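Structure first, then comments.
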Amino acid sequence: MFTLRFDMRAPESGAPTTELYAAAIEMCAWAEKRGAIAAVLSEHHGTEDGHLPAPLLLAAAIAARTERLAIMLAAVVLPFWDPVRLAEEMSVLDIISNGRVSYALGIGHRAAEYEHFGVDLRRRGQLADAKLALLLRLLRGEPVSHQGRRIHVTPRCVTPGGPPIMLAGGSPAAAKRAARHGLGLLAQANPPGLRQLYESQCRAHGHEPGPARFPDGDAPTTVFVADDVDKAWHELGPYLLHDAMTAAAYRHGDESVASISRATSVNALRTTPGPYRIWTTEQAITQLRGDASLPLLPLCGGLPPGLAWPYLENAASAVAHADPMTQN
C-alpha cells in the first residue's frame with residue numbers, strides 16, 4: 001500500500017505549475033489501480049514556491065478522475081475560512097467524491113498567512129473554536145439559527161452528519177479542542193502525555209476517544225523507490241532539499257514536528273536518518289511486508305513529472321511484489 005501526498009510546490013527550479021497540477025491528477029487516477037490508498041493534500045498561502053492554497057479545488061479534480069481513492073485534506077486552516085462557505089464547499093465535494101474526502105482541520109502557524117488574510121494571529125484559537133462549532137452544525141444539513149440569522153447549507157452531504165473530520169496539531173490545546181468537539185486527533189508531534197490528555201478530555205466531555213494518529217519519529221514521511229539509490233539522490237536531492245528547507249523555515253525553533261528536517265545540504269539530508277528516504281525496491285518490499293505503507297511525495301519540490309513517474313512506477317512495482325492481491 002502507498003499514499004500520495006501533494007503540496008504542489010513549484011519553485012523556479014522546478015516544473016511549471018500547469019504540468020505539476022495535471023500530473024498530480026493523472027498520478028492519482030493511475031495509482032488507485034496500483035495499490036494507492038489515499039491522496040493527501042495540504043494548504044498554505046502566499047508562499048514563494050506556490051504551495052497549494054486551494055486544496056478543495058484540487059480534491060474535486062482528483063475525485064472526478066478516480067472512483068475509490070480516499071482523499072484527505074490535511075490540514076485545512078480553519079481561521080482563514082468562512083464556516084458557511086466552507087460547509088457548502090465540503091458538502092458539494094462530499095457529493096462529487098461520494099463520501100471519499102476527509103479533513104484534518106488546524107489553526108496554522110505562519111504569521112505571514114494571518115497577515116495575508118487580515119486575521120489576528122493572537123485570536124486563532126478563539127476563532128477556530130467558534131468556527132468549528134458552527135461548521136459541525138451546518139454539515140448536518142439542518143437549518144441553523146446563528147447570531148439572529150437562519151443558515152441552511154444545501155445540498156446535504158451524502159455522508160450522514162458530514163464528512164469525517166479530525167483536528168490537526170501537536171499541542172495540548174489542539175488535543176483539548178478535538179476532545180471538546182468529539183473529533184479525532186491527527187497529531188504532528190508525540191510529546192509525553194498528549195495521547196492520555198486527549199483521551200481523558202474526550203471522556204470528560206462525554207465522548208469516546210476518536211481515531212488518533214501520532215507520528216513515529218523513526219518512520220519517514222517522504223519516500224522514493226529507486227533502481228539506483230546513488231543516481232536517485234543525485235537526481236532528486238535538490239528537489240528534496242528545497243522541500244525540507246522550506247518546510248523547516250515555517251517552523252523556526254520548533255523541533256517537535258516529525259516531518260521536519262534541519263538538513264541544509266543534500267548530503268546531510270541523505271546521511272541523517274529523517275523524514276526523507278530513497279529506498280531500493282527490495283527495501284520498499286521489506287517495509288510493505290512489515291505492514292508499513294509507503295508515504296510518497298511524487299512531485300516533491302516541483303520535481304518535473306518526467307523525472308517523477310519512474311519513481312512512482314517503482315513504488316507500485318514494490319507493492320505488486322509485496323502483495324500481488326493489491327493489483328486489479
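Chain identifiers are assigned as A, B, and so on, following the order in which chains appear in the C-alpha cells; residues are numbered from 1 within each chain, and ligands are numbered from 1 in order of appearance.
Excluding range 313-317 of chain A itself and same-chain residues fewer than 4 positions from it, the residues having an atom within 8 Å of it are Phe2, Ala31, Arg34, Gly35, Phe224, Val225, Ala226, Asp227, Thr281, Ala284, Leu294, Trp309 and His321 of chain A, counting only C-alpha atoms.
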Keeping only all heavy atoms, write the selected residues to a file as a short mmCIF file (atom, residue, chain, number, x, y, z; two decimals), in the first residue's frame.
```cif
data_model
loop_
_atom_site.label_atom_id
_atom_site.label_comp_id
_atom_site.auth_asym_id
_atom_site.auth_seq_id
_atom_site.Cartn_x
_atom_site.Cartn_y
_atom_site.Cartn_z
N PHE A 2 0.37 2.30 -0.60
CA PHE A 2 1.09 3.56 -0.54
C PHE A 2 0.11 4.73 -0.56
O PHE A 2 -1.04 4.60 -0.96
CB PHE A 2 2.13 3.68 -1.66
CG PHE A 2 1.56 3.64 -3.06
CD1 PHE A 2 1.24 4.81 -3.73
CD2 PHE A 2 1.40 2.44 -3.72
CE1 PHE A 2 0.75 4.78 -5.03
CE2 PHE A 2 0.92 2.40 -5.02
CZ PHE A 2 0.59 3.57 -5.68
N ALA A 31 -2.67 5.67 -9.91
CA ALA A 31 -2.20 4.97 -8.71
C ALA A 31 -3.30 4.22 -7.98
O ALA A 31 -3.02 3.24 -7.30
CB ALA A 31 -1.53 5.97 -7.76
N ARG A 34 -3.23 0.66 -8.54
CA ARG A 34 -1.94 0.00 -8.31
C ARG A 34 -1.51 0.03 -6.84
O ARG A 34 -0.34 0.01 -6.53
CB ARG A 34 -0.88 0.65 -9.20
CG ARG A 34 -1.13 0.39 -10.68
CD ARG A 34 -0.32 1.29 -11.57
NE ARG A 34 -0.46 0.90 -12.98
CZ ARG A 34 -1.47 1.30 -13.77
NH1 ARG A 34 -2.43 2.10 -13.29
NH2 ARG A 34 -1.53 0.89 -15.03
N GLY A 35 -2.49 0.09 -5.96
CA GLY A 35 -2.18 -0.03 -4.54
C GLY A 35 -2.24 1.24 -3.73
O GLY A 35 -2.01 1.21 -2.52
N PHE A 224 10.92 7.75 -1.81
CA PHE A 224 11.04 7.43 -3.23
C PHE A 224 11.64 6.04 -3.34
O PHE A 224 12.45 5.64 -2.50
CB PHE A 224 11.92 8.46 -3.95
CG PHE A 224 11.25 9.78 -4.19
CD1 PHE A 224 11.17 10.73 -3.18
CD2 PHE A 224 10.68 10.07 -5.43
CE1 PHE A 224 10.55 11.95 -3.40
CE2 PHE A 224 10.05 11.28 -5.65
CZ PHE A 224 9.99 12.23 -4.64
N VAL A 225 11.26 5.33 -4.39
CA VAL A 225 11.78 3.98 -4.63
C VAL A 225 12.57 4.01 -5.93
O VAL A 225 12.05 4.44 -6.97
CB VAL A 225 10.63 2.95 -4.71
CG1 VAL A 225 11.20 1.55 -4.96
CG2 VAL A 225 9.81 2.97 -3.41
N ALA A 226 13.83 3.55 -5.85
CA ALA A 226 14.76 3.72 -6.98
C ALA A 226 15.47 2.43 -7.32
O ALA A 226 15.73 1.59 -6.45
CB ALA A 226 15.79 4.79 -6.63
N ASP A 227 15.82 2.30 -8.59
CA ASP A 227 16.68 1.20 -9.03
C ASP A 227 18.12 1.44 -8.60
O ASP A 227 18.84 0.50 -8.26
CB ASP A 227 16.62 1.05 -10.55
CG ASP A 227 15.24 0.65 -11.06
OD1 ASP A 227 14.57 -0.15 -10.38
OD2 ASP A 227 14.84 1.16 -12.12
N THR A 281 14.00 -1.11 -4.36
CA THR A 281 12.75 -1.89 -4.42
C THR A 281 12.72 -2.94 -3.32
O THR A 281 11.67 -3.15 -2.67
CB THR A 281 12.60 -2.55 -5.80
OG1 THR A 281 12.59 -1.54 -6.81
CG2 THR A 281 11.32 -3.37 -5.88
N ALA A 284 11.85 -1.33 -0.04
CA ALA A 284 10.44 -0.97 -0.01
C ALA A 284 9.57 -2.20 0.23
O ALA A 284 8.60 -2.14 1.00
CB ALA A 284 10.05 -0.29 -1.32
N LEU A 294 3.96 3.01 2.10
CA LEU A 294 4.96 3.91 1.55
C LEU A 294 4.36 5.31 1.43
O LEU A 294 3.43 5.51 0.64
CB LEU A 294 5.43 3.43 0.18
CG LEU A 294 6.00 2.02 0.08
CD1 LEU A 294 6.40 1.73 -1.37
CD2 LEU A 294 7.20 1.86 1.01
N TRP A 309 7.68 10.17 -12.66
CA TRP A 309 6.91 8.97 -13.00
C TRP A 309 7.68 7.67 -12.77
O TRP A 309 7.12 6.71 -12.20
CB TRP A 309 6.42 9.05 -14.44
CG TRP A 309 5.09 9.73 -14.58
CD1 TRP A 309 4.84 10.95 -15.10
CD2 TRP A 309 3.81 9.20 -14.20
NE1 TRP A 309 3.49 11.25 -15.08
CE2 TRP A 309 2.83 10.18 -14.53
CE3 TRP A 309 3.38 8.00 -13.63
CZ2 TRP A 309 1.47 9.99 -14.30
CZ3 TRP A 309 2.03 7.82 -13.39
CH2 TRP A 309 1.09 8.80 -13.71
N HIS A 321 4.91 -6.65 -5.87
CA HIS A 321 5.75 -7.78 -5.47
C HIS A 321 5.51 -8.14 -3.99
O HIS A 321 5.62 -9.32 -3.63
CB HIS A 321 7.23 -7.46 -5.67
CG HIS A 321 7.67 -7.58 -7.10
ND1 HIS A 321 7.55 -6.53 -8.00
CD2 HIS A 321 8.20 -8.61 -7.78
CE1 HIS A 321 8.01 -6.93 -9.18
NE2 HIS A 321 8.41 -8.18 -9.08
#
```
Inset, instruction - Excluding Ile62 in chain A and residues on its chain fewer than 5 positions from it, collect all residues at most 8 Å away from it, counting only C-alpha atoms, and give them as a list in words. - result: Ile25, Cys28 and Ala29 of chain A
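Comparing the minimum interatomic distances between Ala178 in chain A and each of A:Ile107, A:Val257, A:Val119, A:Val101, counting only C-alpha atoms, we find that A:Ile107 sits nearest.
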Inset, instruction - Please provide as a ChimeraX atom specification all residues within 6 Å of Gly162 in chain A, with the sequence filter that same-chain residues fewer than 2 positions apart are discarded (counting only C-alpha atoms). - result: /A:139-140,157,159-160
Legend entry - Residues near Tyr103 in chain A, cut-off 6 Å, only C-alpha atoms, skip fewer than 3 positions along chain, as a PyMOL selection string: chain A and resi 72-73+165
Inset, instruction - Please provide the set of residues having any atom within 8 Å of Ser42 in chain A, restricted to only C-alpha atoms, with same-chain residues fewer than 6 positions apart removed, written as a PyMOL selection string. - result: chain A and resi 6-7+52+55+73-76
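Candidate residues A:Val158, A:Leu138, A:Leu86, A:Leu57 were compared for distance to Arg100 in chain A, and the nearest is A:Val158, using only C-alpha atoms.
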Inset, instruction - Pick out the residues sitting within 8 Å of range 188-194 of chain A, and hand them over as number ranges by chain; count only C-alpha atoms, and ignore anything fewer than 3 positions along from it in its own chain. - result: A: 168-172, 175, 197-198, 214-215, 256-259
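Straight-line separation from CA of His207 in chain A to CA of Ala174 in chain A: 15.9 Å.
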